[in-house]
Amino acid sequence: MNDNRERNPLLRMEGISKVFPGVVALNAVDLEVYEKEVVGLIGENGAGKSTLMKILGGIYTPNEGRILIDNRPVSISSVSDAMGHSIGFIHQELNVLENIDVAGNIFLGREPRRGVMRLIDREKINAMAKSLLDKLDLDISPSALVGDLSIAHRQMVEIAKALSLDARILIMDEPTSSLTLTETETLLGLVCELREQGVSIIYISHRLSELNEIADRVVGLRDGKNAGTLDKDEISHDRMVNLMVGRDISSFYVEPGGKRESGYFKARGVTSGAYPNQEVSFDAARGEILGFAGLVGAGRTEIMEAMFGLDTFSTGEVSIGDEVIPISSARDAIDHAIYLVPEDRRLTGLVTDMTVRENITLPSLMEYSRCGLILRDKETEVAQLQMEALDIRAPGTETPVINLSGGNQQKVVLGKWLSMKPRVIIFDEPTRGIDVGAKAEIYRVMRDMAEQGVVVIMISSDMEEIINVSDRVAVMHEGRITGVLDRSDCTEDNIMQLAVGRDLKEQVVA
Amino acid sequence: MKKEMGIGILFLVVCIVVSILNPRFLSVVNMQNMAERIGNYGIFSIGIGMIIITGGIDLSVGSIFALTGVLLAMMLREWNWPWQLAAAAAILVPMALGAFHSLLIIRTKLLPFIVTLCGLLFYRGIARYIAEDTNKGFGDAEAGGFVLLKWMENGKVAGVPMPFVLLVIIAVIMWFLLHRSVYGRYLFAVGKNEEAARYSGINSNLVIASAYVVSGFLVGISGILFAFYTPSITPSSHGNFYELWGIAAAVLGGCSLRGGEGSIIGIVIGAALLQVLQNLVNLLGIPSSLNYSVIGAVILIGVLADQYYRQKRIRKLERESRL
């Protein structure tokens with residue numbers, strides 16, 4: 001795509017500035033998008049990516065700057081303006097209606113009508129949807145209820161909707177953040193397909209490997225300003241990180257080290273309600289990070305939740321050292337210093353309306369109380385200690401966690417367990433939706449804990465993360481562990497083979 | 001504290017306006033009458049407020065008042081139970097019913113609205129049935145040997161009606177329980193996000209169940225007071241709509257029906273405001289047929305103002321979080 005320079009851009013955003021009360025979100029930012037191009041837009045949280053895209057999508061209006069499409073200045077002051085200029089926006093949070101079918105979602109508000117009663121023309125709407133879905137090579141029935149579709153397919157429905165509006169520019173904000181590996185592959189394939197069909201795509205992602213794969217150009221933002229652009233042949237993981245943070249993160253992943261004590265933590269015959277007939281057994285060493293890879297639905301989360309006492313249908317036992325631990329509720333697990341950092345911070349990790357202090361002390365409140373009454377000073381002290389130890393960036397202990405960034409929220413979840421001296425800590429997708437800087441910090445905390453003798457278990461669907469962070473990787477497929485790989489065998493290929501249930505030749509069994 | 005400010009100001013404004021328009025508002029007799037009613041209503045409103053904080057609701061309270069009222073009269077008058085036993089029973093029955101409701105809600109995942117709506121209908125019928133739909137009175141307290149129990153409603157300490165004294169004592173205890181104790185923190189956490197509370201090792205079912213039982217205890221106490229407030233108990237109408245007064249007090253006092261929000265001070269002021277409004281209708285010569293309309297309108301204004309400030313706060317937070 002090096003011939004871009006000679007062509008006129010399809011879209012040009014010039015000198016865009018946006019000021020929110022008390023903060024300059026964007027400061028004279030430029031962005032160009034050419035025809036048939038995938039532009040990766042990267043930057044840490046708060047760098048201004050979303051603001052810039054919301055301006056293009058007509059959700060915000062800029063204070064300064066102009067937008068040109070086909071070299072003509074355009075005014076985009078509403079979402080319908082953006083649609084009128086063939087700009088489609090796939091938000092991170094999906095905007096589909098689960099109680100309506102696929103065709104109804106695609107043509108919502110634009111349903112073809114017929115007859116005196118102006119009822120929806122079912123045949124026509126389904127035919128229209130079918131032809132769109134075919135164009136995307138999707139095997140989804142137009143009359144399927146969106147609520148019955150997988151997250152990936154729902155996303156496809158949104159893409160189909162954008163295309164039905166003749167989008168020439170498609171904005172995709174973190175489209176893969178909740179997709180499985182295979183779904184991600186499908187989506188990336190679709191993005192390339194769309195490019196072939198003449199659609200330009202602005203692709204926001206924290207998963208740099210995806211950009212490596214599909215982007216023709218990468219534009220970096222930092223602190224609301226342009227940080228630089230990488231052409232196709234310049235795109236690499238390190239250079240992208242550099243673009244985002246403005247410096248080298250030399251030790252982005254912390255190398256493992258320290259001594260191990262194998263067989264310290266044992267799970268024997270653990271089952272979950274999701275796979276009642278699959279008994280899962282594994283050992284984890286003191287001093288290691290044991291990764292759990294697999295496709296979504298492989299039962300990783302379910303097994304961890306069972307070991308944490310959240311699954312009332314589970315059987316099996318776990319032991320630490322020589323001590324067998326009966327677990328019938330989360331309280332049991334917590335009392336034995338087995339902790340879980342769950343997948344969904346907002347839903348299960350935190351009570352987001354409560355303050356940093358209240359969240360950090362929630363599981364250990366009894367220790368900061370006398371005769372059932374809370375000792376506020378002690379509580380604040382512990383919260384402050386964790387805020388400092390983990391560098392949680394918040395105005396104070398009394399800030400509701402809902403006001404914090406994703407990375408800082410995750411650190412609050414960490415803080416609540418770290419204050420309670422973990423023996424085993426289970427991370428479920430620990431860096432989902434978190435920016436690069438905070439990711440590195442969380443990896444460091446995980447490694448530190450391992451070195452202090454904590455058993456660290458990490459579920460991750462991010463291939464790069466699982467390979468680089470784990471000392472060993474257990475791979476699950478349909479409720480059972482299909483193999484455990486040592487660091488030297490940890491290749492993407494090996495993991496994928498095991499994840500889809502195939503055997504490896506040189507399989508290392510736990 | 002900010003949340004109670006709004007309702008507190010509204011309460012004061014209404015009081016000042018009424019006392020200017022009719023100075024009789026401030027007379028000792030009127031104040032005593034009002035304090036008695038505030039006590040009666042305030043105590044169970046705290047219970048309903050607790051349930052609302054867990055994200056639930058209780059519609060059965062009024063019918064439970066009828067049931068325990070009828071039972072109390074029969075126990076004391078017809079079965080000649082000692083008053084201590086009768087009072088204990090009148091408190092234990094609502095507690096047991098609360099436990100039963102919570103069991104249904106937790107085990108079968110039925111909505112609290114449905115469970116307690118069925119209770120509302122069911123207990124009313126039972127009350128009427130066991131009383132054979134006739135009025136039940138208490139007769140002479142001295143002859144029946146329950147002077148002390150009746151004194152809880154009719155008595156005064158230094159001129160302050162006993163129900164108000166009881167409310168103050170209960171409110172203080174409940175304030176510590178809700179706003180200073182570990183249990184209270186769990187209650188709010190479960191109300192706000194039951195899943196997250198569970199993941200933090202909190203037995204959310206137990207927390208929810210205990211809220212219904214504690215509320216039952218408070219309903220039991222209010223029930224005894226209401227029983228002695230009227231000369232006799234008409235099973236078909238005693239306590240009608242009272243649950244709605246409790247819910248209104250809690251909502252006015254800042255409890256969110258989505259759960260996880262509310263305060264004891266707010267609920268008590270809310271309950272007091274409702275009684276002042278009733279009083280206002282009488283004192284200002286507003287046709288008593290408009291009674292409910294006036295109260296309905298004021299509640300609406302109160303929650304509209306609350307919603308306005310809430311939206312404003314959310315918008316402010318959104319602006320800040322965009323940084």
# chains A, B, ... in the order shown; residues from 1 in each chain; ligands from 1
$ select_by_dssp --residues "range 17-240 of chain B" --states "strand (DSSP E)" --output "count of residues only"
8
$ interface_residues --of "chain A" --to "chain B" --cutoff "6 Å" --atoms "only C-alpha atoms" --output "ChimeraX atom specification"
/A:330-331,348-351,363,372-374,403
$ residues_around --residues "range 161-164 of chain B" --least-positions-apart "3" --cutoff "9 Å" --atoms "only C-alpha atoms" --output "mmCIF file with N, CA and C atoms, in the first residue's frame"
data_model
loop_
_atom_site.group_PDB
_atom_site.id
_atom_site.type_symbol
_atom_site.label_atom_id
_atom_site.label_comp_id
_atom_site.auth_asym_id
_atom_site.auth_seq_id
_atom_site.Cartn_x
_atom_site.Cartn_y
_atom_site.Cartn_z
ATOM 1 N N GLN B 32 -47.845 15.507 69.595
ATOM 2 C CA GLN B 32 -47.856 14.178 70.216
ATOM 3 C C GLN B 32 -48.553 13.154 69.328
ATOM 4 N N ASN B 33 -49.691 13.594 68.770
ATOM 5 C CA ASN B 33 -50.407 12.685 67.872
ATOM 6 C C ASN B 33 -49.536 12.277 66.700
ATOM 7 N N ALA B 35 -46.248 12.394 66.481
ATOM 8 C CA ALA B 35 -45.095 11.591 66.902
ATOM 9 C C ALA B 35 -45.493 10.125 67.070
ATOM 10 N N GLU B 36 -46.692 9.929 67.617
ATOM 11 C CA GLU B 36 -47.165 8.557 67.808
ATOM 12 C C GLU B 36 -47.271 7.837 66.458
ATOM 13 N N ARG B 37 -47.866 8.553 65.506
ATOM 14 C CA ARG B 37 -48.048 7.938 64.183
ATOM 15 C C ARG B 37 -46.700 7.744 63.474
ATOM 16 N N ILE B 38 -45.821 8.734 63.629
ATOM 17 C CA ILE B 38 -44.492 8.601 63.003
ATOM 18 C C ILE B 38 -43.785 7.359 63.542
ATOM 19 N N GLY B 39 -43.925 7.149 64.860
ATOM 20 C CA GLY B 39 -43.318 5.964 65.468
ATOM 21 C C GLY B 39 -43.870 4.688 64.863
ATOM 22 N N ASN B 40 -45.210 4.603 64.835
ATOM 23 C CA ASN B 40 -45.851 3.401 64.294
ATOM 24 C C ASN B 40 -45.390 3.084 62.881
ATOM 25 N N GLY B 42 -42.827 4.570 61.175
ATOM 26 C CA GLY B 42 -41.376 4.607 60.965
ATOM 27 C C GLY B 42 -40.728 3.261 61.198
ATOM 28 N N ILE B 43 -41.185 2.545 62.233
ATOM 29 C CA ILE B 43 -40.510 1.289 62.606
ATOM 30 C C ILE B 43 -40.567 0.274 61.473
ATOM 31 N N TRP B 151 -49.331 0.153 76.925
ATOM 32 C CA TRP B 151 -48.601 1.385 77.224
ATOM 33 C C TRP B 151 -47.551 1.686 76.143
ATOM 34 N N MET B 152 -47.056 0.630 75.539
ATOM 35 C CA MET B 152 -46.084 0.796 74.450
ATOM 36 C C MET B 152 -46.656 1.678 73.343
ATOM 37 N N GLU B 153 -47.968 1.601 73.149
ATOM 38 C CA GLU B 153 -48.600 2.432 72.140
ATOM 39 C C GLU B 153 -49.136 3.732 72.733
ATOM 40 N N ASN B 154 -49.845 3.620 73.869
ATOM 41 C CA ASN B 154 -50.557 4.798 74.387
ATOM 42 C C ASN B 154 -49.752 5.619 75.380
ATOM 43 N N GLY B 155 -48.705 5.027 75.925
ATOM 44 C CA GLY B 155 -47.968 5.699 76.989
ATOM 45 C C GLY B 155 -47.082 6.826 76.486
ATOM 46 N N LYS B 156 -46.570 7.604 77.435
ATOM 47 C CA LYS B 156 -45.662 8.687 77.089
ATOM 48 C C LYS B 156 -44.532 8.710 78.101
ATOM 49 N N VAL B 157 -43.354 9.096 77.622
ATOM 50 C CA VAL B 157 -42.227 9.315 78.523
ATOM 51 C C VAL B 157 -41.840 10.772 78.393
ATOM 52 N N ALA B 158 -41.959 11.509 79.494
ATOM 53 C CA ALA B 158 -41.677 12.949 79.469
ATOM 54 C C ALA B 158 -42.442 13.631 78.331
ATOM 55 N N LEU B 167 -39.162 4.116 68.149
ATOM 56 C CA LEU B 167 -38.593 4.367 66.820
ATOM 57 C C LEU B 167 -37.161 4.875 66.943
ATOM 58 N N VAL B 168 -36.971 5.829 67.891
ATOM 59 C CA VAL B 168 -35.633 6.396 68.046
ATOM 60 C C VAL B 168 -34.633 5.302 68.441
ATOM 61 N N ILE B 169 -35.032 4.485 69.405
ATOM 62 C CA ILE B 169 -34.131 3.406 69.849
ATOM 63 C C ILE B 169 -33.820 2.460 68.687
ATOM 64 N N SER B 222 -44.275 -3.013 64.950
ATOM 65 C CA SER B 222 -45.264 -2.057 64.440
ATOM 66 C C SER B 222 -46.664 -2.646 64.514
ATOM 67 N N LEU B 225 -48.142 -2.215 67.869
ATOM 68 C CA LEU B 225 -48.493 -0.809 68.099
ATOM 69 C C LEU B 225 -49.767 -0.442 67.351
#
$ atom_distance --atom1 "CA of Val79 in chain A" --atom2 "CA of Ile59 in chain A"
6.0 Å
$ closest_residue --among "A:Gly291, A:Gly479, A:Gly15, A:Gly40" --to "Ala274 in chain A" --atoms "only C-alpha atoms"
A:Gly479
$ decode --residues "range 4-52 of chain B" --atoms "C-alpha atoms" --output "CSV table (one decimal), in the first residue's frame"
chain,number,residue,atom,x,y,z
B,4,GLU,CA,-30.6,12.9,53.2
B,5,MET,CA,-30.2,16.6,52.8
B,6,GLY,CA,-32.8,16.8,50.1
B,7,ILE,CA,-35.5,15.0,51.9
B,8,GLY,CA,-34.5,16.8,55.1
B,9,ILE,CA,-35.0,20.2,53.5
B,10,LEU,CA,-38.3,19.1,52.0
B,11,PHE,CA,-39.4,17.9,55.4
B,12,LEU,CA,-38.4,21.2,57.1
B,13,VAL,CA,-40.0,23.3,54.4
B,14,VAL,CA,-43.3,21.5,54.6
B,15,CYS,CA,-43.2,21.8,58.5
B,16,ILE,CA,-42.5,25.5,58.3
B,17,VAL,CA,-45.2,26.2,55.7
B,18,VAL,CA,-47.8,24.3,57.6
B,19,SER,CA,-46.9,25.9,60.9
B,20,ILE,CA,-47.2,29.4,59.4
B,21,LEU,CA,-50.5,28.6,57.7
B,22,ASN,CA,-51.9,27.0,60.8
B,23,PRO,CA,-50.0,27.5,64.1
B,24,ARG,CA,-52.0,24.6,65.6
B,25,PHE,CA,-49.5,22.4,63.9
B,26,LEU,CA,-47.0,23.2,66.6
B,27,SER,CA,-49.5,22.5,69.5
B,28,VAL,CA,-48.4,19.9,72.0
B,29,VAL,CA,-51.4,17.7,71.3
B,30,ASN,CA,-50.9,17.8,67.5
B,31,MET,CA,-47.2,17.1,67.9
B,32,GLN,CA,-47.9,14.2,70.2
B,33,ASN,CA,-50.4,12.7,67.9
B,34,MET,CA,-48.0,13.0,65.0
B,35,ALA,CA,-45.1,11.6,66.9
B,36,GLU,CA,-47.2,8.6,67.8
B,37,ARG,CA,-48.0,7.9,64.2
B,38,ILE,CA,-44.5,8.6,63.0
B,39,GLY,CA,-43.3,6.0,65.5
B,40,ASN,CA,-45.9,3.4,64.3
B,41,TYR,CA,-45.1,3.9,60.6
B,42,GLY,CA,-41.4,4.6,61.0
B,43,ILE,CA,-40.5,1.3,62.6
B,44,PHE,CA,-41.8,-1.0,59.9
B,45,SER,CA,-40.7,1.4,57.2
B,46,ILE,CA,-37.1,0.7,58.3
B,47,GLY,CA,-37.8,-3.0,57.8
B,48,ILE,CA,-39.2,-2.4,54.3
B,49,GLY,CA,-36.3,-0.1,53.6
B,50,MET,CA,-33.9,-3.0,54.4
B,51,ILE,CA,-35.6,-5.3,52.1
B,52,ILE,CA,-35.5,-2.7,49.3
